[in-house]
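A.B. asks: Below is the file data.pdb, which contains PDB, C-alpha atoms, pLDDT in the B column.
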ATOM      1  CA  MET A   7       7.979 -17.725   1.444  1.00 44.00           C
ATOM      2  CA  PRO A   8       4.806 -17.420  -0.578  1.00 47.00           C
ATOM      3  CA  ILE A   9       5.055 -14.670  -3.133  1.00 43.00           C
ATOM      4  CA  SER A  10       2.333 -14.004  -5.635  1.00 44.00           C
ATOM      5  CA  SER A  11       2.051 -11.810  -8.641  1.00 43.00           C
ATOM      6  CA  PRO A  12      -0.805 -10.760 -10.881  1.00 43.00           C
ATOM      7  CA  ALA A  13       0.151 -13.663 -13.130  1.00 40.00           C
ATOM      8  CA  THR A  14      -0.390 -16.231 -10.357  1.00 45.00           C
ATOM      9  CA  ASN A  15      -3.091 -14.374  -8.414  1.00 51.00           C
ATOM     10  CA  PRO A  16      -5.492 -12.776 -10.905  1.00 58.00           C
ATOM     11  CA  VAL A  17      -7.074  -9.528  -9.784  1.00 66.00           C
ATOM     12  CA  HIS A  18     -10.267  -8.108 -11.148  1.00 75.00           C
ATOM     13  CA  GLY A  19     -10.920  -4.457 -11.868  1.00 88.00           C
ATOM     14  CA  SER A  20      -9.109  -1.676 -13.650  1.00 90.00           C
ATOM     15  CA  GLY A  21      -8.428   0.521 -10.624  1.00 95.00           C
ATOM     16  CA  VAL A  22     -10.924   3.316 -11.248  1.00 96.00           C
ATOM     17  CA  ARG A  23     -13.934   4.234  -9.091  1.00 95.00           C
ATOM     18  CA  ALA A  24     -16.405   2.544 -11.473  1.00 95.00           C
ATOM     19  CA  ASP A  25     -14.252  -0.624 -11.688  1.00 96.00           C
ATOM     20  CA  PRO A  26     -12.035  -0.850  -8.571  1.00 97.00           C
ATOM     21  CA  TRP A  27      -9.453  -3.520  -7.866  1.00 97.00           C
ATOM     22  CA  LEU A  28     -10.561  -6.235  -5.463  1.00 96.00           C
ATOM     23  CA  LEU A  29      -7.403  -7.055  -3.509  1.00 97.00           C
ATOM     24  CA  ASP A  30      -6.245  -9.156  -0.585  1.00 96.00           C
ATOM     25  CA  THR A  31      -4.139  -7.820   2.263  1.00 97.00           C
ATOM     26  CA  PRO A  32      -0.602  -9.268   2.288  1.00 97.00           C
ATOM     27  CA  SER A  33      -1.483 -11.776   5.020  1.00 95.00           C
ATOM     28  CA  GLY A  34      -4.601 -12.818   3.116  1.00 94.00           C
ATOM     29  CA  GLY A  35      -6.704 -12.004   6.177  1.00 92.00           C
ATOM     30  CA  SER A  36      -9.166  -9.738   4.398  1.00 93.00           C
ATOM     31  CA  GLN A  37     -10.182  -8.246   1.086  1.00 95.00           C
ATOM     32  CA  PHE A  38     -10.553  -4.606   0.170  1.00 97.00           C
ATOM     33  CA  VAL A  39     -11.205  -2.488  -2.892  1.00 97.00           C
ATOM     34  CA  ALA A  40      -8.881   0.211  -4.154  1.00 98.00           C
ATOM     35  CA  PHE A  41      -8.919   2.730  -6.969  1.00 98.00           C
ATOM     36  CA  ARG A  42      -7.207   5.865  -8.186  1.00 97.00           C
ATOM     37  CA  ASP A  43      -9.168   9.107  -8.026  1.00 98.00           C
ATOM     38  CA  ASP A  44      -7.506  12.004  -9.837  1.00 96.00           C
ATOM     39  CA  THR A  45     -10.544  14.234  -9.238  1.00 97.00           C
ATOM     40  CA  LEU A  46      -9.886  14.544  -5.502  1.00 97.00           C
ATOM     41  CA  ASP A  47      -7.766  17.352  -4.061  1.00 97.00           C
ATOM     42  CA  PRO A  48      -5.121  16.097  -3.663  1.00 96.00           C
ATOM     43  CA  PRO A  49      -5.426  13.142  -6.059  1.00 98.00           C
ATOM     44  CA  ALA A  50      -5.743   9.980  -3.991  1.00 98.00           C
ATOM     45  CA  LEU A  51      -5.470   6.246  -3.873  1.00 98.00           C
ATOM     46  CA  VAL A  52      -8.783   5.361  -2.248  1.00 98.00           C
ATOM     47  CA  VAL A  53      -9.107   2.173  -0.207  1.00 98.00           C
ATOM     48  CA  GLN A  54     -12.490   0.883   0.909  1.00 97.00           C
ATOM     49  CA  VAL A  55     -12.469  -1.647   3.768  1.00 96.00           C
ATOM     50  CA  GLY A  56     -16.039  -2.527   4.638  1.00 94.00           C
ATOM     51  CA  LYS A  57     -17.670   0.862   5.219  1.00 95.00           C
ATOM     52  CA  THR A  58     -14.379   2.580   6.079  1.00 96.00           C
ATOM     53  CA  GLU A  59     -12.714   4.689   3.401  1.00 97.00           C
ATOM     54  CA  LEU A  60      -9.010   5.459   3.638  1.00 97.00           C
ATOM     55  CA  ARG A  61      -7.162   7.817   1.321  1.00 98.00           C
ATOM     56  CA  TYR A  62      -3.476   8.088   0.559  1.00 98.00           C
ATOM     57  CA  HIS A  63      -1.676  10.622  -1.632  1.00 98.00           C
ATOM     58  CA  LEU A  64      -1.835   9.105  -5.127  1.00 98.00           C
ATOM     59  CA  ARG A  65       1.845   9.888  -5.593  1.00 98.00           C
ATOM     60  CA  CYS A  66       2.573   7.212  -2.963  1.00 98.00           C
ATOM     61  CA  ILE A  67       2.687   4.609  -5.730  1.00 98.00           C
ATOM     62  CA  GLU A  68       5.543   6.275  -7.603  1.00 98.00           C
ATOM     63  CA  ASP A  69       7.287   7.428  -4.423  1.00 98.00           C
ATOM     64  CA  LEU A  70       7.251   3.942  -2.870  1.00 98.00           C
ATOM     65  CA  VAL A  71       8.635   2.379  -6.059  1.00 98.00           C
ATOM     66  CA  THR A  72      11.409   5.004  -6.163  1.00 98.00           C
ATOM     67  CA  MET A  73      12.339   4.386  -2.526  1.00 98.00           C
ATOM     68  CA  LEU A  74      12.336   0.595  -2.955  1.00 98.00           C
ATOM     69  CA  ARG A  75      14.410   0.832  -6.125  1.00 98.00           C
ATOM     70  CA  ALA A  76      17.018   2.941  -4.303  1.00 97.00           C
ATOM     71  CA  ARG A  77      16.999   0.450  -1.427  1.00 97.00           C
ATOM     72  CA  GLY A  78      17.558  -2.463  -3.802  1.00 95.00           C
ATOM     73  CA  ASP A  79      16.409  -5.176  -1.401  1.00 96.00           C
ATOM     74  CA  TRP A  80      13.433  -6.540   0.487  1.00 98.00           C
ATOM     75  CA  MET A  81      11.806  -4.270   3.066  1.00 98.00           C
ATOM     76  CA  ALA A  82       9.522  -5.334   5.911  1.00 98.00           C
ATOM     77  CA  LEU A  83       5.979  -3.992   5.641  1.00 98.00           C
ATOM     78  CA  GLY A  84       5.367  -3.308   9.355  1.00 97.00           C
ATOM     79  CA  SER A  85       1.717  -2.300   9.027  1.00 95.00           C
ATOM     80  CA  ALA A  86       0.322  -0.441  12.049  1.00 95.00           C
ATOM     81  CA  ASP A  87      -2.690   1.706  12.902  1.00 94.00           C
ATOM     82  CA  GLU A  88      -2.107   5.446  13.095  1.00 96.00           C
ATOM     83  CA  GLN A  89      -2.324   5.386  16.895  1.00 96.00           C
ATOM     84  CA  LYS A  90       0.501   2.819  17.181  1.00 96.00           C
ATOM     85  CA  PRO A  91       4.161   3.486  16.440  1.00 96.00           C
ATOM     86  CA  ALA A  92       5.571   1.931  13.286  1.00 97.00           C
ATOM     87  CA  ALA A  93       8.595  -0.340  13.594  1.00 97.00           C
ATOM     88  CA  ASP A  94      11.854   1.164  12.344  1.00 97.00           C
ATOM     89  CA  ASP A  95      13.029   0.451   8.792  1.00 98.00           C
ATOM     90  CA  THR A  96       9.635  -0.633   7.481  1.00 98.00           C
ATOM     91  CA  VAL A  97       7.364   0.528   4.670  1.00 98.00           C
ATOM     92  CA  GLU A  98       4.955   1.822   7.340  1.00 98.00           C
ATOM     93  CA  SER A  99       7.624   3.929   9.071  1.00 98.00           C
ATOM     94  CA  TRP A 100       8.755   5.359   5.718  1.00 98.00           C
ATOM     95  CA  ALA A 101       5.136   6.321   4.918  1.00 98.00           C
ATOM     96  CA  ARG A 102       5.026   8.432   8.113  1.00 98.00           C
ATOM     97  CA  SER A 103       8.544   9.856   8.011  1.00 97.00           C
ATOM     98  CA  ALA A 104       9.338  13.536   7.694  1.00 97.00           C
ATOM     99  CA  GLY A 105      12.080  12.365   5.305  1.00 97.00           C
ATOM    100  CA  ASN A 106       9.726  10.965   2.656  1.00 98.00           C
ATOM    101  CA  PRO A 107       8.765  13.047  -0.430  1.00 98.00           C
ATOM    102  CA  VAL A 108       5.555  14.433   1.155  1.00 97.00           C
ATOM    103  CA  GLY A 109       7.322  15.248   4.422  1.00 97.00           C
ATOM    104  CA  GLY A 110       5.136  13.078   6.649  1.00 97.00           C
ATOM    105  CA  TRP A 111       2.007  10.984   6.445  1.00 97.00           C
ATOM    106  CA  TYR A 112       0.849   9.692   3.059  1.00 98.00           C
ATOM    107  CA  GLY A 113      -2.528   9.012   4.678  1.00 97.00           C
ATOM    108  CA  LEU A 114      -4.950  11.880   4.147  1.00 97.00           C
ATOM    109  CA  LYS A 115      -7.675  11.275   6.758  1.00 94.00           C
ATOM    110  CA  LYS A 116      -6.615  11.966  10.355  1.00 93.00           C
ATOM    111  CA  GLY A 117      -7.360   8.936  12.484  1.00 94.00           C
ATOM    112  CA  LEU A 118      -7.175   6.703   9.385  1.00 94.00           C
ATOM    113  CA  ARG A 119      -3.668   7.543   8.150  1.00 95.00           C
ATOM    114  CA  GLY A 120      -2.037   4.281   9.196  1.00 94.00           C
ATOM    115  CA  ARG A 121      -2.112   0.818   7.652  1.00 96.00           C
ATOM    116  CA  PHE A 122      -0.307   2.147   4.573  1.00 98.00           C
ATOM    117  CA  ALA A 123       1.788  -1.043   4.460  1.00 98.00           C
ATOM    118  CA  ASN A 124      -1.338  -3.183   4.553  1.00 97.00           C
ATOM    119  CA  TYR A 125      -3.114  -1.572   1.600  1.00 98.00           C
ATOM    120  CA  VAL A 126      -0.590   0.097  -0.726  1.00 98.00           C
ATOM    121  CA  PRO A 127       1.793  -2.847  -1.408  1.00 98.00           C
ATOM    122  CA  PRO A 128      -0.995  -4.989  -2.965  1.00 97.00           C
ATOM    123  CA  VAL A 129      -1.710  -2.084  -5.339  1.00 97.00           C
ATOM    124  CA  LEU A 130       1.938  -2.018  -6.434  1.00 97.00           C
ATOM    125  CA  GLU A 131       1.743  -5.775  -6.860  1.00 97.00           C
ATOM    126  CA  VAL A 132      -1.332  -5.655  -9.111  1.00 96.00           C
ATOM    127  CA  LEU A 133       0.359  -2.959 -11.183  1.00 96.00           C
ATOM    128  CA  GLY A 134       3.339  -5.279 -11.660  1.00 96.00           C
ATOM    129  CA  LEU A 135       5.684  -2.867  -9.854  1.00 97.00           C
ATOM    130  CA  ALA A 136       6.553  -4.949  -6.780  1.00 97.00           C
ATOM    131  CA  GLU A 137       6.667  -8.416  -5.292  1.00 97.00           C
ATOM    132  CA  VAL A 138       4.912  -8.874  -1.968  1.00 98.00           C
ATOM    133  CA  GLU A 139       5.210 -11.810   0.405  1.00 97.00           C
ATOM    134  CA  HIS A 140       1.957 -13.403   1.519  1.00 96.00           C
ATOM    135  CA  ASN A 141       2.699 -15.086   4.824  1.00 96.00           C
ATOM    136  CA  ALA A 142       0.500 -14.982   7.913  1.00 95.00           C
ATOM    137  CA  ARG A 143       2.904 -12.410   9.482  1.00 94.00           C
ATOM    138  CA  ASN A 144       6.080 -10.418   8.912  1.00 96.00           C
ATOM    139  CA  ASN A 145       5.675  -9.858   5.181  1.00 98.00           C
ATOM    140  CA  ARG A 146       8.116  -7.953   3.014  1.00 98.00           C
ATOM    141  CA  MET A 147       8.150  -6.357  -0.413  1.00 98.00           C
ATOM    142  CA  ARG A 148      10.633  -5.374  -3.088  1.00 98.00           C
ATOM    143  CA  VAL A 149      10.495  -3.572  -6.385  1.00 97.00           C
ATOM    144  CA  VAL A 150      10.560  -5.655  -9.586  1.00 95.00           C
TER     145      VAL A 150
END
Step by step, read the file and then write its structure as structure tokens.

C.D. replies:
Amino acid sequence: MPISSPATNPVHGSGVRADPWLLDTPSGGSQFVAFRDDTLDPPALVVQVGKTELRYHLRCIEDLVTMLRARGDWMALGSADEQKPAADDTVESWARSAGNPVGGWYGLKKGLRGRFANYVPPVLEVLGLAEVEHNARNNRMRVV
């Protein structure tokens, strides 16, 4: 199972609006930029895919690490659009669950709240907080 880390897959950018990270989705199918923006209300992790901007609660980084650490094992990503149901016991389903720390969706823009598991895990990876598999399908992640 291919697993990469910032050490083996260098990423450019510092993760701020003026110098965003240029990242690959876990499957390697596309690139996107991401950055933290503490000036937004609420503070957000901003993801730019082409001309589409998605926003997730910035606290998702810490919350996802905490959940993965408590889990102690690999977890399937299960990325899905907002309009599609997320598979059970996946990062995507956790990011929509009423049982997570924000009590529901981490995505902030209705209609664009999904795909959490496609865009947030690479951010944790570049920060050195998680390992992410990079297969064509069915990728997983775990905390480091």

A.B. asks: Restricting the calculation to all atoms listed in the file, which member of A:Thr31, A:Glu139, A:Pro128, A:Leu114 is positioned closest to Asp47 (chain A)?

C.D. replies: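 Using all atoms listed in the file, the shortest distance to Asp47 (chain A) belongs to A:Leu114.
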
A.B. asks: Name every residue that the PyMOL selection byres ((chain A and resi 144) around 12) selects in this structure, writing the answer as a ChimeraX atom specification with chains first and numbers rising.

C.D. replies: /A:7-8,32-33,80-86,93,96-97,123-124,138-143,145-147

A.B. asks: Measuring between all atoms listed in the file, which one of A:Pro26, A:Gly19, A:Gly35, A:Gly120 shows the shortest distance to Leu60 (chain A)?

C.D. replies: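 Nearest candidate to Leu60 (chain A) out of A:Pro26, A:Gly19, A:Gly35, A:Gly120: A:Gly120.
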
A.B. asks: What does the distance between CA of Lys115 (chain A) and CA of Ala101 (chain A) come to in Å, to one decimal place?

C.D. replies: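 It comes out at 13.9 Å.
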
A.B. asks: Name the closest residue to Leu135 (chain A) among the candidates A:Arg121, A:Arg75, A:Lys90, A:Arg42; distances are taken between atoms, counting all atoms listed in the file.

C.D. replies: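 For Leu135 (chain A), the nearest of the candidates is A:Arg75.
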
A.B. asks: What is the CA of Val108 (chain A) to CA of Asp44 (chain A) distance in Å?

C.D. replies: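 That distance, rounded to one decimal, is 17.2 Å.
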
A.B. asks: Measuring between all atoms listed in the file, which one of A:Thr58, A:Ser20, A:Asn106, A:Ser36 shows the shortest distance to Leu133 (chain A)?

C.D. replies: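 Among the listed residues, the smallest separation from Leu133 (chain A) belongs to A:Ser20.
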
A.B. asks: So which one's closest to Thr72 (chain A), A:Gly117, A:Pro107, A:Val129, A:Tyr112? Using all atoms listed in the file, please.

C.D. replies: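 Closest residue, counting all atoms listed in the file: A:Pro107.
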
A.B. asks: Check the smallest atom-to-atom distance from each of A:Ala104, A:Leu130, A:Leu118, A:Val22 to Gln89 (chain A) using all atoms listed in the file, then report the winner.

C.D. replies: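 Closest to Gln89 (chain A) of all the choices is A:Leu118.
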
A.B. asks: How far is it from CA of Arg23 (chain A) to CA of Phe38 (chain A), in Å with one decimal?

C.D. replies: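 Taking CA of Arg23 (chain A) as the start and CA of Phe38 (chain A) as the end point, the length is 13.2 Å.
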
A.B. asks: Please expand the PyMOL selection byres ((chain A and resi 50-52) around 7) into the concrete residues it hits in this file, giving the result as a list in words.

C.D. replies: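 Residues picked by the PyMOL selection byres ((chain A and resi 50-52) around 7): Ala40, Phe41, Arg42, Asp43, Asp44, Leu46, Pro48, Pro49, Val53, Gln54, Glu59, Leu60, Arg61, Tyr62, His63 and Leu64 of chain A.
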